[in-house]
>>> print(open('model-v5.json').read())   # JSON, C-alpha atoms and all ligand atoms
[["chain", "number", "residue", "atom", "x", "y", "z"],
["A", 1, "MET", "CA", 31.54, -1.59, -3.16],
["A", 2, "ASP", "CA", 30.73, -4.83, -1.32],
["A", 3, "ILE", "CA", 27.46, -5.69, 0.38],
["A", 4, "ASP", "CA", 28.66, -4.50, 3.80],
["A", 5, "ASP", "CA", 29.48, -1.08, 2.33],
["A", 6, "VAL", "CA", 25.99, -1.00, 0.80],
["A", 7, "LYS", "CA", 24.40, -1.78, 4.19],
["A", 8, "ALA", "CA", 26.54, 0.87, 5.91],
["A", 9, "ARG", "CA", 25.67, 3.56, 3.36],
["A", 10, "ALA", "CA", 22.02, 2.58, 2.76],
["A", 11, "GLY", "CA", 19.62, 5.53, 2.95],
["A", 12, "PRO", "CA", 17.01, 7.36, 0.88],
["A", 13, "ARG", "CA", 18.06, 7.76, -2.79],
["A", 14, "GLU", "CA", 21.64, 6.84, -1.85],
["A", 15, "PHE", "CA", 22.59, 4.71, -4.88],
["A", 16, "SER", "CA", 22.52, 5.58, -8.57],
["A", 17, "PRO", "CA", 23.77, 4.00, -11.82],
["A", 18, "SER", "CA", 27.18, 5.72, -11.30],
["A", 19, "ASP", "CA", 27.81, 3.49, -8.22],
["A", 20, "ASP", "CA", 29.56, 0.17, -8.59],
["A", 21, "LEU", "CA", 27.04, -1.99, -6.75],
["A", 22, "PRO", "CA", 27.30, -5.71, -5.94],
["A", 23, "LEU", "CA", 25.14, -8.15, -7.89],
["A", 24, "GLU", "CA", 23.22, -9.11, -4.73],
["A", 25, "TYR", "CA", 21.88, -5.55, -4.40],
["A", 26, "ARG", "CA", 21.20, -5.14, -8.11],
["A", 27, "GLU", "CA", 19.28, -8.43, -8.26],
["A", 28, "ALA", "CA", 17.17, -7.57, -5.20],
["A", 29, "ALA", "CA", 16.32, -4.12, -6.60],
["A", 30, "THR", "CA", 15.51, -5.63, -10.01],
["A", 31, "ARG", "CA", 13.18, -8.18, -8.38],
["A", 32, "MET", "CA", 11.27, -5.41, -6.58],
["A", 33, "LEU", "CA", 11.08, -3.13, -9.60],
["A", 34, "GLU", "CA", 10.09, -5.89, -12.00],
["A", 35, "PHE", "CA", 7.33, -7.04, -9.64],
["A", 36, "HIS", "CA", 6.10, -3.47, -9.33],
["A", 37, "ALA", "CA", 6.24, -2.78, -13.10],
["A", 38, "ASN", "CA", 4.46, -6.07, -13.89],
["A", 39, "SER", "CA", 1.77, -5.15, -11.36],
["A", 40, "GLU", "CA", 1.20, -1.81, -13.07],
["A", 41, "VAL", "CA", 0.69, -3.60, -16.42],
["A", 42, "MET", "CA", -1.63, -6.23, -14.99],
["A", 43, "GLY", "CA", -3.53, -3.64, -12.92],
["A", 44, "GLY", "CA", -3.97, -1.55, -16.06],
["A", 45, "TYR", "CA", -5.28, -4.57, -17.93],
["A", 46, "LEU", "CA", -7.81, -5.29, -15.22],
["A", 47, "ASP", "CA", -8.79, -1.64, -15.10],
["A", 48, "LYS", "CA", -9.56, -1.38, -18.78],
["A", 49, "GLU", "CA", -12.61, -3.62, -18.19],
["A", 50, "PHE", "CA", -14.14, -0.73, -16.26],
["A", 51, "THR", "CA", -14.10, 1.54, -19.32],
["A", 52, "ARG", "CA", -16.52, -0.88, -20.96],
["A", 53, "MET", "CA", -18.70, -1.19, -17.83],
["A", 54, "ALA", "CA", -18.72, 2.51, -16.81],
["A", 55, "PRO", "CA", -22.24, 3.97, -16.79],
["A", 56, "SER", "CA", -21.46, 7.40, -18.34],
["A", 57, "LEU", "CA", -19.12, 9.03, -20.84],
["A", 58, "ASP", "CA", -17.35, 10.98, -18.07],
["A", 59, "ARG", "CA", -16.66, 7.81, -16.14],
["A", 60, "LYS", "CA", -15.45, 6.05, -19.31],
["A", 61, "LEU", "CA", -13.01, 8.91, -20.02],
["A", 62, "ALA", "CA", -11.67, 8.85, -16.46],
["A", 63, "CYS", "CA", -11.27, 5.05, -16.55],
["A", 64, "THR", "CA", -9.40, 5.24, -19.87],
["A", 65, "ALA", "CA", -7.07, 7.96, -18.54],
["A", 66, "LYS", "CA", -6.34, 5.94, -15.40],
["A", 67, "CYS", "CA", -5.58, 2.84, -17.44],
["A", 68, "GLN", "CA", -3.13, 4.84, -19.59],
["A", 69, "ASP", "CA", -1.47, 6.18, -16.41],
["A", 70, "GLU", "CA", -0.92, 2.63, -15.13],
["A", 71, "ILE", "CA", 0.77, 1.52, -18.36],
["A", 72, "GLY", "CA", 2.90, 4.69, -18.16],
["A", 73, "HIS", "CA", 3.91, 3.74, -14.59],
["A", 74, "ALA", "CA", 4.96, 0.34, -15.86],
["A", 75, "GLN", "CA", 7.17, 1.89, -18.55],
["A", 76, "LEU", "CA", 8.87, 4.17, -16.00],
["A", 77, "LEU", "CA", 9.53, 1.26, -13.67],
["A", 78, "TYR", "CA", 10.86, -1.09, -16.39],
["A", 79, "ARG", "CA", 13.29, 1.68, -17.35],
["A", 80, "ALA", "CA", 14.30, 2.21, -13.71],
["A", 81, "ALA", "CA", 14.85, -1.57, -13.47],
["A", 82, "GLU", "CA", 16.97, -1.66, -16.62],
["A", 83, "THR", "CA", 19.41, 0.84, -15.07],
["A", 84, "LEU", "CA", 20.49, -1.96, -12.68],
["A", 85, "GLY", "CA", 21.95, -3.91, -15.60],
["A", 86, "VAL", "CA", 20.39, -7.27, -14.64],
["A", 87, "LYS", "CA", 17.48, -7.62, -17.09],
["A", 88, "THR", "CA", 16.25, -5.71, -20.11],
["A", 89, "ARG", "CA", 12.72, -4.38, -20.50],
["A", 90, "GLU", "CA", 12.13, -6.90, -23.30],
["A", 91, "GLU", "CA", 13.19, -9.79, -21.03],
["A", 92, "MET", "CA", 10.86, -8.62, -18.27],
["A", 93, "LEU", "CA", 7.92, -8.24, -20.67],
["A", 94, "ALA", "CA", 8.64, -11.69, -22.13],
["A", 95, "ASP", "CA", 8.75, -13.23, -18.64],
["A", 96, "LEU", "CA", 5.42, -11.63, -17.79],
["A", 97, "THR", "CA", 3.73, -13.27, -20.78],
["A", 98, "ASN", "CA", 5.40, -16.67, -20.40],
["A", 99, "GLY", "CA", 4.19, -16.93, -16.78],
["A", 100, "ASP", "CA", 7.55, -16.43, -15.01],
["A", 101, "GLY", "CA", 6.96, -12.77, -14.09],
["A", 102, "LYS", "CA", 5.36, -12.14, -10.70],
["A", 103, "PHE", "CA", 2.76, -9.47, -9.87],
["A", 104, "LEU", "CA", 0.41, -8.35, -7.08],
["A", 105, "ASN", "CA", -2.17, -10.81, -5.76],
["A", 106, "CYS", "CA", -5.14, -8.46, -6.38],
["A", 107, "PHE", "CA", -4.56, -8.49, -10.13],
["A", 108, "HIS", "CA", -4.94, -12.28, -10.42],
["A", 109, "TYR", "CA", -8.71, -12.02, -9.76],
["A", 110, "PRO", "CA", -10.90, -11.19, -12.75],
["A", 111, "VAL", "CA", -13.46, -8.38, -12.43],
["A", 112, "ASP", "CA", -17.08, -8.91, -13.51],
["A", 113, "SER", "CA", -19.02, -5.81, -12.54],
["A", 114, "TRP", "CA", -18.90, -2.04, -12.17],
["A", 115, "TYR", "CA", -19.33, -2.52, -8.40],
["A", 116, "GLU", "CA", -15.74, -3.73, -8.38],
["A", 117, "ALA", "CA", -14.42, -0.44, -9.81],
["A", 118, "PRO", "CA", -14.07, 1.23, -6.37],
["A", 119, "MET", "CA", -12.51, -1.97, -4.97],
["A", 120, "ILE", "CA", -9.62, -1.56, -7.39],
["A", 121, "ASP", "CA", -9.59, 2.19, -7.93],
["A", 122, "PHE", "CA", -10.17, 3.30, -4.35],
["A", 123, "PHE", "CA", -9.01, 0.52, -2.04],
["A", 124, "VAL", "CA", -6.31, -1.25, -4.06],
["A", 125, "ASP", "CA", -4.92, 2.03, -5.40],
["A", 126, "GLY", "CA", -5.13, 3.37, -1.85],
["A", 127, "ALA", "CA", -3.09, 0.38, -0.69],
["A", 128, "ALA", "CA", -0.64, 1.06, -3.53],
["A", 129, "MET", "CA", -0.34, 4.66, -2.36],
["A", 130, "ARG", "CA", 0.55, 3.51, 1.18],
["A", 131, "ARG", "CA", 3.38, 1.40, -0.16],
["A", 132, "GLN", "CA", 4.55, 3.72, -2.92],
["A", 133, "ALA", "CA", 4.77, 6.74, -0.61],
["A", 134, "THR", "CA", 7.38, 4.86, 1.43],
["A", 135, "LEU", "CA", 9.30, 3.97, -1.76],
["A", 136, "LYS", "CA", 10.10, 7.64, -2.32],
["A", 137, "ASP", "CA", 12.78, 6.89, 0.28],
["A", 138, "THR", "CA", 14.12, 3.72, -1.31],
["A", 139, "SER", "CA", 17.89, 3.56, -1.73],
["A", 140, "TRP", "CA", 17.82, 3.04, -5.55],
["A", 141, "GLU", "CA", 17.53, 6.61, -6.79],
["A", 142, "PRO", "CA", 15.88, 5.88, -10.20],
["A", 143, "TYR", "CA", 13.14, 3.94, -8.34],
["A", 144, "ALA", "CA", 12.52, 6.78, -5.86],
["A", 145, "HIS", "CA", 12.54, 9.28, -8.72],
["A", 146, "ALA", "CA", 9.87, 7.30, -10.61],
["A", 147, "MET", "CA", 7.74, 7.29, -7.43],
["A", 148, "ASP", "CA", 7.51, 11.11, -7.47],
["A", 149, "LYS", "CA", 5.47, 11.01, -10.67],
["A", 150, "VAL", "CA", 3.66, 7.76, -9.90],
["A", 151, "CYS", "CA", 2.42, 8.92, -6.46],
["A", 152, "PHE", "CA", 1.19, 12.21, -7.91],
["A", 153, "GLU", "CA", -0.99, 10.31, -10.39],
["A", 154, "GLU", "CA", -2.09, 7.67, -7.88],
["A", 155, "GLY", "CA", -3.57, 10.48, -5.80],
["A", 156, "PHE", "CA", -5.99, 11.18, -8.68],
["A", 157, "HIS", "CA", -6.80, 7.48, -9.07],
["A", 158, "VAL", "CA", -7.81, 7.20, -5.43],
["A", 159, "LYS", "CA", -10.06, 10.29, -5.70],
["A", 160, "HIS", "CA", -11.64, 8.82, -8.85],
["A", 161, "GLY", "CA", -12.29, 5.50, -7.07],
["A", 162, "GLU", "CA", -13.64, 7.23, -3.97],
["A", 163, "ASP", "CA", -16.10, 9.20, -6.07],
["A", 164, "ILE", "CA", -17.44, 5.99, -7.65],
["A", 165, "LEU", "CA", -17.81, 4.45, -4.18],
["A", 166, "ARG", "CA", -19.63, 7.56, -2.92],
["A", 167, "GLU", "CA", -21.98, 7.44, -5.92],
["A", 168, "LEU", "CA", -22.81, 3.75, -5.47],
["A", 169, "MET", "CA", -23.27, 3.98, -1.71],
["A", 170, "THR", "CA", -25.61, 6.98, -1.94],
["A", 171, "SER", "CA", -27.78, 5.45, -4.69],
["A", 172, "SER", "CA", -30.35, 2.64, -4.59],
["A", 173, "LYS", "CA", -30.50, 0.02, -1.85],
["A", 174, "ALA", "CA", -29.77, -2.65, -4.47],
["A", 175, "ASN", "CA", -26.55, -0.84, -5.51],
["A", 176, "GLN", "CA", -25.48, -0.53, -1.88],
["A", 177, "GLU", "CA", -26.05, -4.24, -1.32],
["A", 178, "ARG", "CA", -24.12, -5.27, -4.43],
["A", 179, "THR", "CA", -21.23, -2.99, -3.42],
["A", 180, "GLN", "CA", -21.18, -4.53, 0.07],
["A", 181, "GLU", "CA", -21.14, -8.04, -1.48],
["A", 182, "VAL", "CA", -18.08, -7.38, -3.64],
["A", 183, "PHE", "CA", -16.40, -5.53, -0.76],
["A", 184, "GLU", "CA", -16.62, -8.72, 1.30],
["A", 185, "ASP", "CA", -14.81, -10.63, -1.48],
["A", 186, "TRP", "CA", -12.15, -7.97, -1.92],
["A", 187, "TRP", "CA", -11.42, -6.99, 1.69],
["A", 188, "PRO", "CA", -9.15, -9.97, 2.55],
["A", 189, "ARG", "CA", -7.38, -9.68, -0.81],
["A", 190, "MET", "CA", -6.66, -6.01, -0.13],
["A", 191, "LEU", "CA", -5.14, -6.89, 3.23],
["A", 192, "GLN", "CA", -2.93, -9.47, 1.51],
["A", 193, "PHE", "CA", -1.84, -6.86, -1.02],
["A", 194, "PHE", "CA", 1.09, -6.03, 1.26],
["A", 195, "GLY", "CA", 2.51, -9.50, 0.90],
["A", 196, "PRO", "CA", 3.28, -12.26, 3.38],
["A", 197, "THR", "CA", 3.69, -11.61, 7.10],
["A", 198, "ASN", "CA", 7.16, -10.48, 8.15],
["A", 199, "ASP", "CA", 8.03, -14.00, 9.43],
["A", 200, "GLU", "CA", 7.18, -15.56, 6.07],
["A", 201, "SER", "CA", 8.70, -12.91, 3.85],
["A", 202, "THR", "CA", 11.91, -14.29, 2.37],
["A", 203, "HIS", "CA", 13.29, -11.01, 1.03],
["A", 204, "ASN", "CA", 12.09, -8.60, 3.71],
["A", 205, "ASP", "CA", 15.18, -8.41, 5.94],
["A", 206, "PHE", "CA", 17.70, -8.02, 3.16],
["A", 207, "ALA", "CA", 15.60, -5.40, 1.36],
["A", 208, "GLN", "CA", 15.39, -3.40, 4.59],
["A", 209, "GLN", "CA", 19.10, -3.75, 5.36],
["A", 210, "VAL", "CA", 20.10, -2.31, 1.98],
["A", 211, "GLY", "CA", 17.46, 0.43, 2.15],
["A", 212, "LEU", "CA", 15.31, -0.82, -0.73],
["A", 213, "LYS", "CA", 12.36, -1.11, 1.65],
["A", 214, "THR", "CA", 11.92, 1.24, 4.56],
["A", 215, "VAL", "CA", 8.74, -0.22, 6.08],
["A", 216, "SER", "CA", 7.81, -3.90, 6.65],
["A", 217, "ASN", "CA", 4.81, -5.68, 5.09],
["A", 218, "ASP", "CA", 2.99, -5.92, 8.44],
["A", 219, "GLU", "CA", 3.46, -2.24, 9.25],
["A", 220, "LEU", "CA", 2.13, -1.26, 5.80],
["A", 221, "ARG", "CA", -0.85, -3.60, 6.17],
["A", 222, "ASN", "CA", -1.79, -2.08, 9.52],
["A", 223, "SER", "CA", -1.26, 1.44, 8.29],
["A", 224, "PHE", "CA", -3.64, 0.74, 5.38],
["A", 225, "LEU", "CA", -6.16, -0.82, 7.76],
["A", 226, "ASN", "CA", -6.16, 2.18, 10.10],
["A", 227, "MET", "CA", -6.61, 4.60, 7.25],
["A", 228, "TYR", "CA", -9.11, 2.71, 5.06],
["A", 229, "MET", "CA", -11.33, 0.96, 7.59],
["A", 230, "PRO", "CA", -12.83, 4.31, 8.73],
["A", 231, "LYS", "CA", -13.20, 5.40, 5.10],
["A", 232, "ALA", "CA", -15.11, 2.21, 4.22],
["A", 233, "GLU", "CA", -17.38, 2.72, 7.23],
["A", 234, "LYS", "CA", -17.92, 6.39, 6.35],
["A", 235, "TYR", "CA", -19.53, 5.29, 3.06],
["A", 236, "GLY", "CA", -21.70, 2.72, 4.84],
["A", 237, "LEU", "CA", -19.71, -0.44, 4.14],
["A", 238, "GLU", "CA", -19.59, -3.04, 6.89],
["A", 239, "ILE", "CA", -16.22, -4.57, 7.67],
["A", 240, "PRO", "CA", -16.46, -8.39, 7.32],
["A", 241, "GLU", "CA", -16.06, -10.48, 10.48],
["A", 242, "SER", "CA", -13.09, -12.33, 9.03],
["A", 243, "PRO", "CA", -10.21, -11.59, 9.25],
["A", 244, "ARG", "CA", -10.66, -10.49, 12.86],
["A", 245, "ILE", "CA", -9.49, -6.98, 13.69],
["A", 246, "PHE", "CA", -8.19, -6.13, 17.17],
["A", 247, "GLU", "CA", -7.03, -3.05, 19.03],
["A", 248, "ARG", "CA", -3.37, -2.79, 19.95],
["A", 249, "ASP", "CA", -1.93, -1.22, 23.10],
["A", 250, "ASP", "CA", -1.29, 2.04, 21.27],
["A", 251, "GLY", "CA", -4.99, 2.31, 20.30],
["A", 252, "THR", "CA", -4.46, 1.45, 16.63],
["A", 253, "MET", "CA", -6.12, -1.51, 14.93],
["A", 254, "ALA", "CA", -4.37, -4.59, 13.55],
["A", 255, "VAL", "CA", -5.37, -7.70, 11.57],
["A", 256, "ARG", "CA", -5.29, -11.29, 12.88],
["A", 257, "GLU", "CA", -3.11, -12.41, 10.03],
["A", 258, "ASP", "CA", -3.76, -16.11, 10.65],
["A", 259, "ASP", "CA", -7.38, -15.53, 9.58],
["A", 260, "LEU", "CA", -6.29, -14.71, 6.02],
["A", 261, "ASP", "CA", -6.13, -17.47, 3.40],
["A", 262, "TRP", "CA", -2.40, -17.84, 2.93],
["A", 263, "ASP", "CA", -2.71, -21.06, 0.88],
["A", 264, "GLU", "CA", -4.55, -19.10, -1.79],
["A", 265, "PHE", "CA", -1.99, -16.30, -1.50],
["A", 266, "TRP", "CA", 0.96, -18.65, -2.09],
["A", 267, "THR", "CA", -0.81, -20.35, -5.02],
["A", 268, "ILE", "CA", -1.20, -16.90, -6.54],
["A", 269, "ALA", "CA", 2.44, -16.07, -5.79],
["A", 270, "LYS", "CA", 3.41, -19.04, -7.99],
["A", 271, "ASN", "CA", 1.08, -17.82, -10.80],
["A", 272, "ASP", "CA", -0.84, -21.06, -10.26],
["A", 273, "PHE", "CA", -4.25, -19.69, -9.37],
["A", 274, "GLU", "CA", -7.14, -20.18, -11.81],
["A", 275, "GLY", "CA", -7.34, -16.41, -12.36],
["A", 276, "SER", "CA", -3.56, -16.18, -12.90],
["A", 277, "HIS", "CA", -3.77, -18.35, -16.03],
["A", 278, "GLU", "CA", -6.66, -16.27, -17.32],
["A", 279, "GLN", "CA", -4.96, -12.90, -16.71],
["A", 280, "ILE", "CA", -1.54, -13.95, -18.01],
["A", 281, "GLY", "CA", -3.11, -15.61, -21.08],
["A", 282, "SER", "CA", -5.04, -12.46, -21.85],
["A", 283, "ARG", "CA", -1.87, -10.37, -21.53],
["A", 284, "ARG", "CA", 0.02, -12.79, -23.83],
["A", 285, "ARG", "CA", -2.66, -12.66, -26.53],
["A", 286, "ARG", "CA", -2.62, -8.88, -26.48],
["A", 287, "GLN", "CA", 1.15, -8.71, -26.69],
["A", 288, "GLU", "CA", 1.09, -11.11, -29.66],
["A", 289, "ALA", "CA", -1.59, -9.03, -31.35],
["A", 290, "VAL", "CA", 0.74, -6.01, -31.50],
["A", 291, "GLU", "CA", 3.87, -7.97, -32.38],
["A", 292, "TRP", "CA", 3.69, -6.65, -35.96],
["A", 293, "VAL", "CA", 4.16, -3.09, -34.63],
["A", 294, "ARG", "CA", 7.36, -4.12, -32.80],
["A", 295, "GLU", "CA", 8.61, -5.97, -35.88],
["A", 296, "SER", "CA", 8.02, -3.05, -38.21],
["A", 297, "MET", "CA", 9.78, -0.68, -35.75],
["A", 298, "THR", "CA", 12.78, -3.03, -35.60],
["A", 299, "ASP", "CA", 12.82, -3.37, -39.40],
["A", 300, "TRP", "CA", 12.77, 0.39, -39.75],
["A", 301, "GLU", "CA", 15.58, 0.84, -37.19],
["A", 302, "THR", "CA", 17.79, -1.82, -38.77],
["A", 303, "ALA", "CA", 17.26, -0.27, -42.22],
["A", 304, "GLY", "CA", 19.23, 2.65, -40.69],
["A", 305, "ALA", "CA", 20.86, 5.36, -42.82],
["A", 306, "ASP", "CA", 20.03, 3.59, -46.08],
["A", 307, "SER", "CA", 16.30, 3.95, -45.55],
["A", 308, "PRO", "CA", 14.51, 6.69, -47.51],
["A", 309, "GLN", "CA", 13.10, 8.10, -44.25],
["A", 310, "ALA", "CA", 16.57, 8.50, -42.73],
["A", 311, "ALA", "CA", 17.89, 10.12, -45.94],
["A", 312, "ASP", "CA", 15.13, 12.73, -45.77],
["B", 401, "FE", "FE", 0.00, 2.86, -10.91],
["B", 402, "FE", "FE", -3.25, 3.63, -9.94]]
>>> encode(input="model-v5.json", output="structure tokens")
Amino acid sequence: MDIDDVKARAGPREFSPSDDLPLEYREAATRMLEFHANSEVMGGYLDKEFTRMAPSLDRKLACTAKCQDEIGHAQLLYRAAETLGVKTREEMLADLTNGDGKFLNCFHYPVDSWYEAPMIDFFVDGAAMRRQATLKDTSWEPYAHAMDKVCFEEGFHVKHGEDILRELMTSSKANQERTQEVFEDWWPRMLQFFGPTNDESTHNDFAQQVGLKTVSNDELRNSFLNMYMPKAEKYGLEIPESPRIFERDDGTMAVREDDLDWDEFWTIAKNDFEGSHEQIGSRRRRQEAVEWVRESMTDWETAGADSPQAAD
């Protein structure tokens, strides 16, 4: 199949490992899947901080379960990426720790307080849901298949985050004020979650032509805005003045994208932000700490039939 055939056939779940696909398609799908899988790992790493900060045992258990889900999502997505035959899971994990792997902007910012739990677990996971729901119709079948399970679990994550937000915003005045403060920091980052504007997005057109993406970054951003702005207001959060929000002819709201800090976004995209070094370094140290487990597994596997365990 050449790339024109791919474009002509592109549709939901159209291509699978039994198709002979051109390298251009396989590389583009790998790039998307690797970015997504890396983001699940780095999101999970950020999330685990909330287990320590959570104010009750129930909250700690829910935070731990969510964190485990995210690492599970990463594993599914690395496997779905491997089926494209471009990179192995080990190569992708190595690239993530050596600073070459890319991941979502929101996971480059460290978290310092429990007030940030609903920012990640409600709003950022809510943003992830907006995007992931559309990926159930991506053209790479193993990716769409993984989204069935991932979206099911993300639904729980969003409910968990919403419940924390409800609790904070119906408690003391001080808690409400602290939640509003962190919301103001996170709001522009959440809007940038969907990536650069369509004009600036280098891979957008191709990904849409071959059916990997079905909805553009700007459409997803505005769909998130229209769904989550009323939810934020329902819990008493005030939407910051910047970026400006305006009403479109069809009555829906949209963001003035020029008001967002794109210099910071592009620094993050290069893994060059202060927080990027911190998050990637932390991931690398943790991967090194469990290297002995990988080594002993490899030793055991290479011992093969001669090992006493295999003989048993
Ligand atoms: Fe996830
Ligand atoms: Fe999640």
>>> atom_distance(input="model-v5.json", atom1="CA of Ala74 (chain A)", atom2="CA of Gly99 (chain A)")
17.3 Å
>>> residues_near_point(input="model-v5.json", point="(3.3, -6.3, 2.7)", cutoff="7 Å", atoms="all atoms listed in the file", output="list in words")
Phe193, Phe194, Gly195, Pro196, Thr197, Ser216, Asn217, Asp218, Leu220 and Arg221 of chain A
>>> closest_residue(input="model-v5.json", among="A:Val41, A:Leu104, A:Cys63, A:Met1", to="Trp266 (chain A)", atoms="all atoms listed in the file")
A:Leu104
>>> closest_residue(input="model-v5.json", among="A:Leu84, A:Ala232, A:Ala207, A:Cys106", to="Glu40 (chain A)", atoms="all atoms listed in the file")
A:Cys106
>>> residues_near_ligand(input="model-v5.json", ligand="ligand FE 402 (chain B)", cutoff="12 Å", atoms="all atoms listed in the file", output="ChimeraX atom specification")
/A:36-37,39-48,62-74,117-130,132,147,149-161
>>> residues_around(input="model-v5.json", residues="Ser16 (chain A)", least_positions_apart="5", cutoff="12 Å", atoms="all atoms listed in the file", output="ChimeraX atom specification")
/A:6,10-11,21,25-26,29,80-81,83-85,138-145
>>> write_last_selection(input="model-v5.json", atoms="C-alpha atoms", output="mmCIF file, in the coordinates of the input")
data_model
loop_
_atom_site.group_PDB
_atom_site.id
_atom_site.type_symbol
_atom_site.label_atom_id
_atom_site.label_comp_id
_atom_site.auth_asym_id
_atom_site.auth_seq_id
_atom_site.Cartn_x
_atom_site.Cartn_y
_atom_site.Cartn_z
ATOM 1 C CA VAL A 6 25.990 -1.000 0.800
ATOM 2 C CA ALA A 10 22.020 2.580 2.760
ATOM 3 C CA GLY A 11 19.620 5.530 2.950
ATOM 4 C CA LEU A 21 27.040 -1.990 -6.750
ATOM 5 C CA TYR A 25 21.880 -5.550 -4.400
ATOM 6 C CA ARG A 26 21.200 -5.140 -8.110
ATOM 7 C CA ALA A 29 16.320 -4.120 -6.600
ATOM 8 C CA ALA A 80 14.300 2.210 -13.710
ATOM 9 C CA ALA A 81 14.850 -1.570 -13.470
ATOM 10 C CA THR A 83 19.410 0.840 -15.070
ATOM 11 C CA LEU A 84 20.490 -1.960 -12.680
ATOM 12 C CA GLY A 85 21.950 -3.910 -15.600
ATOM 13 C CA THR A 138 14.120 3.720 -1.310
ATOM 14 C CA SER A 139 17.890 3.560 -1.730
ATOM 15 C CA TRP A 140 17.820 3.040 -5.550
ATOM 16 C CA GLU A 141 17.530 6.610 -6.790
ATOM 17 C CA PRO A 142 15.880 5.880 -10.200
ATOM 18 C CA TYR A 143 13.140 3.940 -8.340
ATOM 19 C CA ALA A 144 12.520 6.780 -5.860
ATOM 20 C CA HIS A 145 12.540 9.280 -8.720
#
>>> atom_distance(input="model-v5.json", atom1="CA of Arg52 (chain A)", atom2="CA of Asp272 (chain A)")
27.7 Å
>>> axis_aligned_box(input="model-v5.json", around="region 227-232 of chain A", padding_each_side="3 Å", output="AutoDock Vina command-line options")
--center_x -10.9 --center_y 3.2 --center_z 6.5 --size_x 14.5 --size_y 10.4 --size_z 10.5
>>> closest_residue(input="model-v5.json", among="A:Leu168, A:Val86, A:Leu191, A:Leu57", to="Phe265 (chain A)", atoms="all atoms listed in the file")
A:Leu191
>>> residues_around(input="model-v5.json", residues="Ile3 (chain A)", least_positions_apart="4", cutoff="12 Å", atoms="all atoms listed in the file", output="JSON, numbers by chain")
{"A": [7, 8, 9, 10, 20, 21, 22, 23, 24, 25, 26, 28, 206, 207, 209, 210, 211]}
>>> residues_around(input="model-v5.json", residues="Lys102 (chain A)", least_positions_apart="4", cutoff="7 Å", atoms="only C-alpha atoms", output="count of residues only")
3
>>> residues_around(input="model-v5.json", residues="region 243-259 of chain A", least_positions_apart="5", cutoff="8 Å", atoms="all atoms listed in the file", output="tab-separated table (two decimals) with C-alpha atoms, in the frame of the given file")
chain	number	residue	atom	x	y	z
A	188	PRO	CA	-9.15	-9.97	2.55
A	197	THR	CA	3.69	-11.61	7.10
A	222	ASN	CA	-1.79	-2.08	9.52
A	225	LEU	CA	-6.16	-0.82	7.76
A	226	ASN	CA	-6.16	2.18	10.10
>>> closest_residue(input="model-v5.json", among="A:His108, A:Pro55, A:Glu14, A:Lys87", to="Glu27 (chain A)", atoms="all atoms listed in the file")
A:Lys87
>>> residues_around(input="model-v5.json", residues="Ala94 (chain A)", least_positions_apart="5", cutoff="12 Å", atoms="all atoms listed in the file", output="ChimeraX atom specification")
/A:34,38,87-89,99-102,280,283-284,287-288,291
>>> closest_residue(input="model-v5.json", among="A:Glu241, A:Arg59, A:Thr134, A:Ser113", to="Asp163 (chain A)", atoms="only C-alpha atoms")
A:Arg59
>>> closest_residue(input="model-v5.json", among="A:Glu90, A:Asp95, A:Asp148, A:Asp4", to="ligand FE 401 (chain B)", atoms="all atoms listed in the file")
A:Asp148
